[in-house]
$ cat input.csv   # CSV, C-alpha atoms
chain,number,residue,atom,x,y,z
I,25,MET,CA,-14.7,-51.2,-31.1
I,26,THR,CA,-12.3,-50.9,-34.1
I,27,PHE,CA,-9.4,-48.5,-34.0
I,28,LYS,CA,-9.9,-45.2,-35.7
I,29,ARG,CA,-6.7,-43.3,-35.1
I,30,PHE,CA,-3.6,-45.0,-36.5
I,31,VAL,CA,0.1,-44.4,-36.3
I,32,GLU,CA,1.0,-43.5,-39.8
I,33,ILE,CA,3.1,-41.0,-41.6
I,34,GLY,CA,1.3,-37.7,-41.4
I,35,ARG,CA,-0.7,-38.5,-38.2
I,36,VAL,CA,-0.8,-35.4,-36.0
I,37,ALA,CA,-0.2,-36.2,-32.3
I,38,LEU,CA,0.1,-34.5,-29.0
I,39,VAL,CA,3.1,-35.1,-26.9
I,40,ASN,CA,1.9,-36.0,-23.4
I,41,TYR,CA,5.1,-36.6,-21.4
I,42,GLY,CA,8.6,-35.1,-21.3
I,43,LYS,CA,10.3,-31.9,-22.3
I,44,GLU,CA,8.0,-31.3,-25.2
I,45,TYR,CA,4.8,-31.8,-23.2
I,46,GLY,CA,1.7,-30.3,-24.8
I,47,ARG,CA,3.3,-29.8,-28.3
I,48,LEU,CA,1.4,-30.8,-31.5
I,49,VAL,CA,3.7,-32.8,-33.7
I,50,VAL,CA,3.5,-34.8,-36.9
I,51,ILE,CA,4.7,-38.4,-37.2
I,52,VAL,CA,7.1,-38.4,-40.2
I,53,ASP,CA,8.5,-41.9,-39.9
I,54,VAL,CA,8.4,-45.0,-37.7
I,55,VAL,CA,11.8,-46.1,-36.3
I,56,ASP,CA,10.8,-49.4,-34.8
I,57,GLN,CA,8.1,-51.1,-32.8
I,58,ASN,CA,8.2,-48.5,-30.1
I,59,ARG,CA,9.5,-45.3,-31.5
I,60,ALA,CA,8.5,-42.7,-34.2
I,61,LEU,CA,10.3,-39.8,-35.8
I,62,ILE,CA,8.3,-36.7,-35.1
I,63,ASP,CA,8.6,-33.2,-36.5
I,64,ALA,CA,6.9,-29.8,-36.0
I,65,PRO,CA,7.4,-26.4,-37.7
I,66,ASP,CA,9.2,-24.9,-34.7
I,67,MET,CA,11.4,-27.8,-33.4
I,68,VAL,CA,14.2,-30.0,-34.5
I,69,ARG,CA,13.1,-33.4,-35.8
I,70,CYS,CA,13.6,-36.1,-33.2
I,71,GLN,CA,12.6,-39.6,-32.2
I,72,ILE,CA,10.0,-40.2,-29.5
I,73,ASN,CA,8.4,-43.3,-27.9
I,74,PHE,CA,4.8,-43.9,-28.9
I,75,LYS,CA,3.9,-44.0,-25.3
I,76,ARG,CA,4.6,-40.3,-25.1
I,77,LEU,CA,2.2,-39.5,-27.9
I,78,SER,CA,-1.5,-39.1,-27.9
I,79,LEU,CA,-2.9,-39.5,-31.4
I,80,THR,CA,-5.4,-37.0,-32.7
I,81,ASP,CA,-8.0,-37.2,-35.5
I,82,ILE,CA,-6.0,-35.0,-37.8
I,83,LYS,CA,-3.9,-36.5,-40.6
I,84,ILE,CA,-1.9,-34.7,-43.2
I,85,ASP,CA,-0.6,-35.8,-46.6
I,86,ILE,CA,3.2,-35.9,-46.6
I,87,PRO,CA,5.9,-38.2,-48.0
I,88,ARG,CA,8.2,-40.1,-45.6
I,89,ILE,CA,10.5,-37.6,-43.7
I,90,PRO,CA,9.7,-34.5,-45.6
I,91,LYS,CA,11.8,-31.4,-45.7
I,92,LYS,CA,10.8,-28.7,-43.2
I,93,LYS,CA,9.5,-26.5,-46.0
I,94,THR,CA,7.3,-29.4,-47.4
I,95,LEU,CA,6.0,-30.2,-43.9
I,96,ILE,CA,5.1,-26.6,-43.2
I,97,ALA,CA,3.3,-26.3,-46.6
I,98,ALA,CA,1.4,-29.5,-46.0
I,99,MET,CA,0.3,-28.3,-42.5
I,100,GLU,CA,-0.9,-25.1,-44.0
I,101,GLU,CA,-2.8,-26.9,-46.7
I,102,ALA,CA,-4.5,-29.2,-44.2
I,103,ASP,CA,-5.1,-26.2,-41.9
I,104,VAL,CA,-3.9,-28.3,-38.9
I,105,LYS,CA,-3.8,-25.3,-36.5
I,106,ASN,CA,-7.4,-24.2,-37.1
I,107,LYS,CA,-8.7,-27.7,-37.1
I,108,TRP,CA,-7.0,-28.4,-33.8
I,109,GLU,CA,-8.2,-25.2,-32.2
I,110,LYS,CA,-11.8,-25.9,-33.3
I,111,SER,CA,-11.8,-29.5,-32.1
I,112,SER,CA,-13.3,-30.1,-28.7
I,113,TRP,CA,-10.0,-31.5,-27.4
I,114,GLY,CA,-8.1,-28.5,-28.7
I,115,ARG,CA,-10.6,-26.1,-27.2
I,116,LYS,CA,-10.4,-27.8,-23.8
I,117,LEU,CA,-6.6,-27.4,-23.8
I,118,ILE,CA,-6.9,-23.8,-24.6
I,119,VAL,CA,-9.3,-23.2,-21.7
I,120,GLN,CA,-7.0,-25.1,-19.3
I,121,GLN,CA,-4.1,-23.0,-20.3
I,122,ARG,CA,-6.1,-19.8,-19.9
I,123,ARG,CA,-7.3,-20.8,-16.5
I,124,ALA,CA,-3.8,-21.8,-15.3
I,125,SER,CA,-2.5,-18.4,-16.3
I,126,LEU,CA,-5.1,-16.4,-14.4
I,127,ASN,CA,-3.8,-13.8,-12.0
I,128,ASP,CA,-5.2,-13.5,-8.5
I,129,PHE,CA,-7.2,-10.4,-9.5
I,130,ASP,CA,-8.5,-12.3,-12.6
I,131,ARG,CA,-9.6,-15.2,-10.5
I,132,PHE,CA,-11.5,-12.7,-8.3
I,133,LYS,CA,-13.2,-11.2,-11.4
I,134,VAL,CA,-14.2,-14.6,-12.6
I,135,MET,CA,-15.7,-15.4,-9.3
I,136,LEU,CA,-17.8,-12.2,-9.4
I,137,ALA,CA,-18.9,-13.0,-13.0
I,138,ARG,CA,-19.9,-16.6,-12.0
I,139,ILE,CA,-22.0,-15.3,-9.1
I,140,LYS,CA,-23.6,-12.7,-11.4
I,141,ARG,CA,-24.4,-15.4,-14.0
I,142,GLY,CA,-25.8,-17.7,-11.4
I,143,GLY,CA,-28.0,-15.0,-10.2
I,144,VAL,CA,-29.4,-14.2,-13.6
I,145,ILE,CA,-30.0,-17.9,-14.3
I,146,ARG,CA,-31.8,-18.3,-11.0
I,147,GLN,CA,-34.0,-15.3,-11.7
I,148,GLU,CA,-34.9,-16.6,-15.1
I,149,LEU,CA,-35.7,-20.1,-13.7
I,150,ALA,CA,-37.9,-18.6,-11.0
I,151,ARG,CA,-39.8,-16.6,-13.6
I,152,LEU,CA,-40.3,-19.6,-15.7
I,153,LYS,CA,-41.5,-21.7,-12.7
I,154,LYS,CA,-44.0,-19.0,-11.9
I,155,GLU,CA,-45.2,-18.9,-15.4
I,156,ASN,CA,-45.6,-22.7,-15.5
I,157,ALA,CA,-47.3,-22.8,-12.1
I,158,ALA,CA,-49.8,-20.2,-13.2
L,22,MET,CA,18.5,-25.5,-40.0
L,23,ALA,CA,18.5,-26.3,-36.3
L,24,PRO,CA,17.6,-23.2,-34.2
L,25,LYS,CA,20.6,-21.4,-32.6
L,26,LYS,CA,21.0,-22.7,-29.0
L,27,THR,CA,22.2,-20.2,-26.3
L,28,ARG,CA,25.2,-21.5,-24.3
L,29,THR,CA,23.9,-23.8,-21.5
L,30,GLY,CA,27.2,-25.1,-19.8
L,31,PRO,CA,30.9,-24.4,-19.6
L,32,ARG,CA,32.9,-24.3,-22.9
L,33,ASN,CA,35.3,-26.9,-21.5
L,34,PRO,CA,33.4,-29.4,-19.3
L,35,ASP,CA,35.0,-31.7,-16.8
L,36,LEU,CA,35.2,-35.3,-18.0
L,37,VAL,CA,36.3,-36.4,-14.6
L,38,PRO,CA,37.1,-33.9,-11.8
L,39,GLY,CA,40.5,-32.5,-12.7
L,40,ILE,CA,40.5,-33.5,-16.4
L,41,LYS,CA,39.0,-31.2,-18.9
L,42,LYS,CA,37.6,-32.3,-22.3
L,43,PHE,CA,39.5,-30.0,-24.6
L,44,SER,CA,43.2,-29.2,-24.9
L,45,ARG,CA,44.8,-25.7,-24.8
L,46,SER,CA,45.0,-25.4,-28.5
L,47,LYS,CA,41.4,-26.6,-28.9
L,48,MET,CA,40.3,-24.0,-26.3
L,49,TYR,CA,42.2,-21.3,-28.1
L,50,HIS,CA,40.1,-22.0,-31.1
L,51,LYS,CA,36.8,-22.3,-29.2
L,52,ARG,CA,37.2,-19.0,-27.4
L,53,GLY,CA,37.8,-17.3,-30.7
L,54,LEU,CA,41.1,-15.8,-29.6
L,55,TRP,CA,42.2,-16.2,-33.2
L,56,ALA,CA,39.3,-13.9,-34.2
L,57,ILE,CA,40.2,-11.3,-31.5
L,58,LYS,CA,43.8,-11.4,-32.7
L,59,ALA,CA,42.8,-10.9,-36.3
L,60,LYS,CA,40.5,-8.0,-35.4
L,61,HIS,CA,43.4,-6.2,-33.7
L,62,GLY,CA,46.0,-6.8,-36.4
L,63,GLY,CA,47.8,-9.9,-35.1
L,64,LYS,CA,48.1,-8.9,-31.4
L,65,PHE,CA,45.9,-9.1,-28.4
L,66,PRO,CA,44.4,-5.7,-27.3
L,67,SER,CA,46.3,-4.5,-24.2
L,68,HIS,CA,46.4,-1.6,-21.9
L,69,GLU,CA,49.3,0.7,-21.8
L,70,ALA,CA,51.7,-0.1,-19.0
L,71,LYS,CA,51.4,2.5,-16.2
L,72,PRO,CA,54.6,4.3,-15.2
L,73,ALA,CA,56.1,2.8,-12.0
L,74,ALA,CA,55.3,5.0,-8.9
L,75,GLN,CA,58.2,7.1,-7.7
L,76,PRO,CA,59.4,5.9,-4.2
L,77,ASP,CA,58.8,8.5,-1.6
L,78,VAL,CA,62.1,10.3,-1.1
L,79,ALA,CA,60.8,12.7,1.6
L,80,ALA,CA,61.0,10.8,4.9
L,81,PRO,CA,63.0,7.6,5.4
L,82,GLU,CA,61.2,5.1,7.6
L,83,LYS,CA,62.3,4.9,11.2
L,84,ALA,CA,62.7,1.5,12.9
L,85,PRO,CA,59.7,0.9,15.2
L,86,LYS,CA,60.4,0.9,19.0
L,87,PHE,CA,58.3,-2.2,19.6
L,88,TYR,CA,57.8,-5.5,17.7
L,89,PRO,CA,55.0,-7.7,18.9
L,90,ALA,CA,56.1,-11.3,19.9
L,91,ASP,CA,53.5,-13.0,17.7
L,92,ASP,CA,52.7,-12.1,14.2
L,93,VAL,CA,49.7,-9.8,14.3
L,94,LYS,CA,47.5,-9.4,11.3
L,95,LYS,CA,47.0,-5.9,10.2
L,96,THR,CA,43.2,-5.4,10.2
L,97,ARG,CA,41.8,-3.1,7.6
L,98,ALA,CA,39.0,-0.9,8.6
L,99,LYS,CA,35.9,-2.1,6.6
L,100,PRO,CA,33.1,0.4,6.6
L,101,LYS,CA,30.1,-1.5,7.8
L,102,LYS,CA,27.2,-1.0,5.5
L,103,ASN,CA,23.7,-1.8,6.7
L,104,ASN,CA,21.6,-2.2,3.6
L,105,PRO,CA,17.8,-2.8,3.7
L,106,THR,CA,16.7,-6.3,2.8
L,107,LYS,CA,16.8,-7.0,-0.9
L,108,LEU,CA,13.4,-6.3,-2.3
L,109,ARG,CA,11.9,-9.1,-4.5
L,110,ALA,CA,11.7,-8.1,-8.1
L,111,SER,CA,7.9,-8.7,-8.1
L,112,ILE,CA,7.4,-6.1,-5.4
L,113,THR,CA,7.3,-2.5,-6.9
L,114,PRO,CA,5.5,0.6,-5.5
L,115,GLY,CA,1.8,0.1,-6.2
L,116,THR,CA,1.8,-3.7,-6.1
L,117,VAL,CA,-1.1,-5.5,-4.4
L,118,LEU,CA,0.3,-7.8,-1.7
L,119,ILE,CA,-1.5,-10.5,0.2
L,120,LEU,CA,-0.6,-10.5,3.9
L,121,LEU,CA,0.0,-14.0,5.2
L,122,ALA,CA,0.2,-13.6,9.0
L,123,GLY,CA,-1.0,-11.5,11.8
L,124,ARG,CA,-4.3,-9.8,12.5
L,125,PHE,CA,-4.7,-8.9,8.8
L,126,MET,CA,-4.0,-12.4,7.5
L,127,GLY,CA,-5.4,-12.8,3.9
L,128,LYS,CA,-6.0,-9.1,3.4
L,129,ARG,CA,-5.0,-7.7,0.0
L,130,VAL,CA,-3.1,-4.5,0.6
L,131,VAL,CA,-1.2,-1.9,-1.5
L,132,PHE,CA,2.5,-1.6,-1.2
L,133,LEU,CA,3.8,2.0,-0.9
L,134,ASN,CA,7.6,1.7,-0.5
L,135,GLN,CA,10.4,0.0,1.4
L,136,LEU,CA,11.7,1.7,4.6
L,137,PRO,CA,15.4,1.9,5.5
L,138,SER,CA,14.9,-0.9,8.0
L,139,GLY,CA,13.9,-3.2,5.1
L,140,LEU,CA,10.3,-3.5,6.1
L,141,LEU,CA,7.6,-2.8,3.6
L,142,LEU,CA,5.3,0.2,4.1
L,143,VAL,CA,1.7,-0.8,3.2
L,144,THR,CA,-1.8,0.6,3.5
L,145,GLY,CA,-5.2,-1.0,3.1
L,146,PRO,CA,-6.4,1.6,2.2
L,147,PHE,CA,-8.0,1.9,5.6
L,148,LYS,CA,-11.5,2.8,4.2
L,149,VAL,CA,-11.5,-0.2,1.9
L,150,ASN,CA,-10.3,-3.1,4.2
L,151,GLY,CA,-9.4,-1.7,7.6
L,152,VAL,CA,-5.6,-2.0,7.2
L,153,PRO,CA,-3.9,1.2,8.3
L,154,VAL,CA,-0.5,2.5,7.2
L,155,LYS,CA,1.7,-0.2,8.7
L,156,ARG,CA,5.0,-2.0,8.3
L,157,VAL,CA,5.2,-5.5,7.1
L,158,ASN,CA,8.0,-8.0,6.6
L,159,GLN,CA,8.6,-9.1,3.0
L,160,ALA,CA,8.7,-12.8,4.1
L,161,TYR,CA,5.1,-12.7,5.2
L,162,VAL,CA,3.7,-11.4,2.0
L,163,ILE,CA,2.7,-12.8,-1.4
L,164,ALA,CA,3.2,-10.3,-4.2
L,165,THR,CA,0.5,-10.4,-6.9
L,166,SER,CA,1.0,-9.1,-10.4
L,167,THR,CA,-1.7,-6.5,-10.0
L,168,LYS,CA,-0.4,-3.0,-9.8
L,169,VAL,CA,-2.1,0.2,-8.7
L,170,ASP,CA,-1.0,3.7,-9.9
L,171,ILE,CA,0.7,5.2,-6.9
L,172,SER,CA,2.3,8.3,-8.5
L,173,SER,CA,-0.1,10.7,-6.8
L,174,VAL,CA,0.7,9.4,-3.3
L,175,ASP,CA,3.3,11.1,-1.1
L,176,VAL,CA,5.0,8.7,1.4
L,177,SER,CA,8.0,10.7,2.3
L,178,LYS,CA,6.8,11.4,5.9
L,179,PHE,CA,6.7,7.8,6.9
L,180,ASP,CA,9.9,6.2,8.2
L,181,ASP,CA,10.8,3.7,10.9
L,182,LYS,CA,10.7,6.2,13.7
L,183,TYR,CA,7.1,7.0,12.9
L,184,PHE,CA,6.1,3.5,13.9
L,185,THR,CA,8.0,3.0,17.1
L,186,LYS,CA,6.0,2.6,20.3
L,187,GLU,CA,5.9,5.7,22.5
L,188,LYS,CA,7.8,5.2,25.8
L,189,THR,CA,5.3,5.7,28.6
L,190,LYS,CA,6.6,6.3,32.1
L,191,LYS,CA,5.2,3.7,34.5
L,192,ALA,CA,4.2,5.4,37.7
L,193,LYS,CA,4.6,3.3,40.8
L,194,LYS,CA,1.2,2.1,42.0
L,195,THR,CA,0.0,2.4,45.5
L,196,GLU,CA,-1.8,-0.6,47.1
L,197,GLY,CA,-5.2,0.9,46.4
L,198,GLU,CA,-4.4,1.5,42.7
L,199,PHE,CA,-3.3,-2.1,42.1
L,200,PHE,CA,-6.9,-3.2,42.2
L,201,LYS,CA,-8.2,-0.5,40.0
L,202,SER,CA,-8.8,-1.6,36.4
L,203,ASP,CA,-6.3,-0.8,33.7
L,204,GLU,CA,-8.9,0.9,31.6
L,205,GLU,CA,-7.5,4.4,32.1
L,206,GLU,CA,-4.1,3.3,30.6
L,207,LYS,CA,-5.6,2.7,27.1
L,208,SER,CA,-3.7,4.5,24.4
L,209,VAL,CA,-5.6,6.6,21.9
L,210,LEU,CA,-4.5,6.9,18.3
L,211,PRO,CA,-3.1,10.5,18.0
L,212,GLN,CA,-5.0,12.7,15.5
L,213,TYR,CA,-2.0,13.4,13.4
L,214,LYS,CA,-1.8,9.6,12.5
L,215,LYS,CA,-5.4,9.6,11.5
L,216,ASP,CA,-4.7,12.7,9.3
L,217,ASP,CA,-1.7,11.0,7.7
L,218,GLN,CA,-3.8,7.9,7.0
L,219,LYS,CA,-6.4,10.1,5.3
L,220,ALA,CA,-3.9,12.0,3.3
L,221,VAL,CA,-2.4,8.8,1.8
L,222,ASP,CA,-5.7,7.1,1.3
L,223,THR,CA,-7.6,9.9,-0.6
L,224,ALA,CA,-5.0,10.0,-3.3
L,225,LEU,CA,-4.8,6.2,-3.5
L,226,LEU,CA,-8.6,5.7,-3.6
L,227,LYS,CA,-8.9,7.7,-6.7
L,228,ALA,CA,-6.4,5.4,-8.5
L,229,ILE,CA,-8.2,2.3,-7.1
L,230,GLU,CA,-11.7,3.4,-8.2
L,231,ALA,CA,-10.4,4.0,-11.7
L,232,VAL,CA,-10.0,0.2,-12.1
L,233,PRO,CA,-13.3,-1.7,-12.2
L,234,ASP,CA,-13.7,-4.3,-9.4
L,235,LEU,CA,-10.4,-3.4,-7.8
L,236,LYS,CA,-12.1,-1.9,-4.7
L,237,THR,CA,-14.2,-5.0,-4.0
L,238,TYR,CA,-11.0,-7.1,-4.7
L,239,LEU,CA,-9.1,-5.2,-2.0
L,240,SER,CA,-11.9,-5.5,0.5
L,241,ALA,CA,-12.1,-9.2,0.1
L,242,ARG,CA,-9.7,-11.6,1.9
L,243,PHE,CA,-7.7,-14.2,0.1
L,244,SER,CA,-8.2,-17.8,1.0
L,245,LEU,CA,-7.3,-21.2,-0.5
L,246,ARG,CA,-10.3,-23.1,-1.8
L,247,ASP,CA,-10.8,-26.7,-2.9
L,248,GLY,CA,-8.6,-27.5,-5.9
L,249,MET,CA,-6.3,-24.5,-5.5
L,250,LYS,CA,-2.7,-25.7,-5.6
L,251,PRO,CA,-0.5,-22.8,-4.3
L,252,HIS,CA,2.6,-24.0,-6.2
L,253,GLN,CA,0.7,-23.9,-9.4
L,254,LEU,CA,-1.2,-20.7,-8.9
L,255,VAL,CA,-0.1,-17.6,-10.7
L,256,PHE,CA,-0.4,-14.6,-8.4

$ encode --input "input.csv" --output "structure tokens"
Amino acid sequence: MTFKRFVEIGRVALVNYGKEYGRLVVIVDVVDQNRALIDAPDMVRCQINFKRLSLTDIKIDIPRIPKKKTLIAAMEEADVKNKWEKSSWGRKLIVQQRRASLNDFDRFKVMLARIKRGGVIRQELARLKKENAA
Amino acid sequence: MAPKKTRTGPRNPDLVPGIKKFSRSKMYHKRGLWAIKAKHGGKFPSHEAKPAAQPDVAAPEKAPKFYPADDVKKTRAKPKKNNPTKLRASITPGTVLILLAGRFMGKRVVFLNQLPSGLLLVTGPFKVNGVPVKRVNQAYVIATSTKVDISSVDVSKFDDKYFTKEKTKKAKKTEGEFFKSDEEEKSVLPQYKKDDQKAVDTALLKAIEAVPDLKTYLSARFSLRDGMKPHQLVF
């Protein structure tokens, strides 16, 4: 019931609305009740409404409004990229992006693979059923 | 350092229609004309003035015998060019296309080349999905990003004349013949067309079988399923 992810300096968040949709950013300062200053290694530091952010579990250790170099070093030290890509949320996003970029031929190949996999599963299930019945 | 932004709008935007934001002197600086001048030693680069053409001394013009009452515009002969329809950049020889209309709706087909009329020349191949060598309009086609290697296929003998219907002379029917069935009037596909189809397809099939699953892909029809949003699909 208690909150576990807080808006704080160093909190890594995902932008969920707007031009920067889908980008992982770090909160580097709080402007006021509604807005934060965010920064990421490959973008210009800017302000954003909290409503446009989804907080993640990841937090890094940075001073308030660090220089880009410091930010990048801190992100490397905390290994944000790998932690994100290993987390279930991060993995889901990667799968979504992969599926969205599938070509018509790729989608066809996926369909064939799913049918094949289903067939193998059903065979194995039938074999196990037979064993159990016997 | 902020990343360098590529120019997105005009250098001198309109504040209000008719009033620009920057003055002449500001624009001179923004356009870098000072740099161009400096590069060329204090002057703008210019072309040498062409020598004025000598007036034709040979024949003095005679006064015409007739002046039209109204001013008549002198029309200039414009050579009429009939270009084939502009081909979408996504359609290149060897692209797999999805046909959207007609008897072969949904079939995935290989694009061969564009004919002078603008229509696209495609083939199934016939053995794979039953689509013969035929012409198709670009508008009724989705281009996928799958390409087949088409370098070994020769399509030079196909042109628009190849596909026109043969003009059959309709003999006048007598009363008795009116009630006869029209079965005898059926047209048979000439052998040379079957041979042409085979010639194109054998070369193409080798290229198709080189890619795993491509043959089954071409033999299956495309259809939209639950959850497929055409505007979000990548073809």

$ closest_residue --input "input.csv" --among "L:Leu235, L:Val143, L:Ala110, L:Leu136" --to "Val169 (chain L)" --atoms "all atoms listed in the file"
L:Leu235

$ interface_residues --input "input.csv" --of "chain L" --to "chain I" --cutoff "10 Å" --atoms "all atoms listed in the file" --output "list in words"
Met22, Ala23, Pro24, Val117, Ile119, Ala164, Thr165, Ser166, Thr167, Pro233, Asp234, Leu235, Thr237, Tyr238, Leu239, Ala241, Phe243, Gln253, Leu254, Val255 and Phe256 of chain L

$ atom_distance --input "input.csv" --atom1 "CA of Asn134 (chain L)" --atom2 "CA of Ser244 (chain L)"
25.1 Å

$ residues_around --input "input.csv" --residues "Leu38 (chain I)" --least-positions-apart "6" --cutoff "12 Å" --atoms "only C-alpha atoms" --output "ChimeraX atom specification"
/I:44-51,62-64,72,74-82,108,113-114,117

$ residues_around --input "input.csv" --residues "Asn104 (chain L)" --least-positions-apart "3" --cutoff "9 Å" --atoms "only C-alpha atoms" --output "ChimeraX atom specification"
/L:107,137-139

$ atom_distance --input "input.csv" --atom1 "CA of Gly145 (chain L)" --atom2 "CA of Val130 (chain L)"
4.8 Å

$ closest_residue --input "input.csv" --among "L:Pro153, L:Pro146, L:Pro251, L:Gly63" --to "Lys215 (chain L)" --atoms "only C-alpha atoms"
L:Pro153

$ closest_residue --input "input.csv" --among "I:Lys43, I:Asn73, I:Met135, I:Leu149" --to "Val31 (chain I)" --atoms "all atoms listed in the file"
I:Asn73

$ decode --input "input.csv" --residues "region 206-227 of chain L" --atoms "N, CA and C atoms" --output "PDB file, in the first residue's frame"
ATOM      1  N   GLU L 206     -17.299 -20.545 -78.846  1.00  0.00           N
ATOM      2  CA  GLU L 206     -16.595 -19.280 -78.989  1.00  0.00           C
ATOM      3  C   GLU L 206     -15.515 -19.093 -77.945  1.00  0.00           C
ATOM      4  N   LYS L 207     -15.314 -20.106 -77.073  1.00  0.00           N
ATOM      5  CA  LYS L 207     -14.337 -19.939 -75.990  1.00  0.00           C
ATOM      6  C   LYS L 207     -12.941 -19.728 -76.550  1.00  0.00           C
ATOM      7  N   SER L 208     -12.225 -18.814 -75.945  1.00  0.00           N
ATOM      8  CA  SER L 208     -10.859 -18.558 -76.413  1.00  0.00           C
ATOM      9  C   SER L 208      -9.884 -19.418 -75.634  1.00  0.00           C
ATOM     10  N   VAL L 209      -8.929 -19.976 -76.328  1.00  0.00           N
ATOM     11  CA  VAL L 209      -7.898 -20.813 -75.713  1.00  0.00           C
ATOM     12  C   VAL L 209      -6.633 -19.988 -75.594  1.00  0.00           C
ATOM     13  N   LEU L 210      -5.896 -20.188 -74.482  1.00  0.00           N
ATOM     14  CA  LEU L 210      -4.652 -19.459 -74.298  1.00  0.00           C
ATOM     15  C   LEU L 210      -3.619 -19.990 -75.302  1.00  0.00           C
ATOM     16  N   PRO L 211      -3.089 -19.124 -76.171  1.00  0.00           N
ATOM     17  CA  PRO L 211      -2.119 -19.590 -77.170  1.00  0.00           C
ATOM     18  C   PRO L 211      -0.864 -20.155 -76.517  1.00  0.00           C
ATOM     19  N   GLN L 212      -0.269 -21.114 -77.199  1.00  0.00           N
ATOM     20  CA  GLN L 212       0.876 -21.839 -76.644  1.00  0.00           C
ATOM     21  C   GLN L 212       2.051 -20.913 -76.361  1.00  0.00           C
ATOM     22  N   TYR L 213       2.221 -19.884 -77.225  1.00  0.00           N
ATOM     23  CA  TYR L 213       3.400 -19.050 -77.011  1.00  0.00           C
ATOM     24  C   TYR L 213       3.308 -18.300 -75.687  1.00  0.00           C
ATOM     25  N   LYS L 214       2.089 -18.009 -75.230  1.00  0.00           N
ATOM     26  CA  LYS L 214       1.951 -17.319 -73.939  1.00  0.00           C
ATOM     27  C   LYS L 214       2.324 -18.265 -72.801  1.00  0.00           C
ATOM     28  N   LYS L 215       1.942 -19.551 -72.966  1.00  0.00           N
ATOM     29  CA  LYS L 215       2.300 -20.519 -71.927  1.00  0.00           C
ATOM     30  C   LYS L 215       3.815 -20.668 -71.857  1.00  0.00           C
ATOM     31  N   ASP L 216       4.464 -20.659 -73.027  1.00  0.00           N
ATOM     32  CA  ASP L 216       5.917 -20.802 -73.052  1.00  0.00           C
ATOM     33  C   ASP L 216       6.591 -19.584 -72.425  1.00  0.00           C
ATOM     34  N   ASP L 217       6.062 -18.403 -72.721  1.00  0.00           N
ATOM     35  CA  ASP L 217       6.644 -17.194 -72.133  1.00  0.00           C
ATOM     36  C   ASP L 217       6.543 -17.247 -70.615  1.00  0.00           C
ATOM     37  N   GLN L 218       5.368 -17.707 -70.139  1.00  0.00           N
ATOM     38  CA  GLN L 218       5.174 -17.808 -68.686  1.00  0.00           C
ATOM     39  C   GLN L 218       6.229 -18.722 -68.091  1.00  0.00           C
ATOM     40  N   LYS L 219       6.434 -19.884 -68.744  1.00  0.00           N
ATOM     41  CA  LYS L 219       7.398 -20.848 -68.215  1.00  0.00           C
ATOM     42  C   LYS L 219       8.793 -20.259 -68.197  1.00  0.00           C
ATOM     43  N   ALA L 220       9.119 -19.532 -69.278  1.00  0.00           N
ATOM     44  CA  ALA L 220      10.466 -18.972 -69.387  1.00  0.00           C
ATOM     45  C   ALA L 220      10.754 -18.020 -68.229  1.00  0.00           C
ATOM     46  N   VAL L 221       9.779 -17.156 -67.922  1.00  0.00           N
ATOM     47  CA  VAL L 221       9.972 -16.202 -66.827  1.00  0.00           C
ATOM     48  C   VAL L 221      10.029 -16.922 -65.493  1.00  0.00           C
ATOM     49  N   ASP L 222       9.121 -17.911 -65.338  1.00  0.00           N
ATOM     50  CA  ASP L 222       8.992 -18.533 -64.024  1.00  0.00           C
ATOM     51  C   ASP L 222      10.165 -19.427 -63.636  1.00  0.00           C
ATOM     52  N   THR L 223      10.741 -20.162 -64.593  1.00  0.00           N
ATOM     53  CA  THR L 223      11.820 -21.082 -64.204  1.00  0.00           C
ATOM     54  C   THR L 223      12.985 -20.300 -63.620  1.00  0.00           C
ATOM     55  N   ALA L 224      13.314 -19.173 -64.238  1.00  0.00           N
ATOM     56  CA  ALA L 224      14.421 -18.376 -63.710  1.00  0.00           C
ATOM     57  C   ALA L 224      14.064 -17.809 -62.341  1.00  0.00           C
ATOM     58  N   LEU L 225      12.799 -17.372 -62.217  1.00  0.00           N
ATOM     59  CA  LEU L 225      12.370 -16.737 -60.967  1.00  0.00           C
ATOM     60  C   LEU L 225      12.293 -17.742 -59.835  1.00  0.00           C
ATOM     61  N   LEU L 226      11.837 -18.972 -60.133  1.00  0.00           N
ATOM     62  CA  LEU L 226      11.645 -19.975 -59.093  1.00  0.00           C
ATOM     63  C   LEU L 226      12.945 -20.321 -58.406  1.00  0.00           C
ATOM     64  N   LYS L 227      14.034 -20.334 -59.206  1.00  0.00           N
ATOM     65  CA  LYS L 227      15.341 -20.649 -58.603  1.00  0.00           C
ATOM     66  C   LYS L 227      15.679 -19.611 -57.545  1.00  0.00           C
TER      67      LYS L 227
END
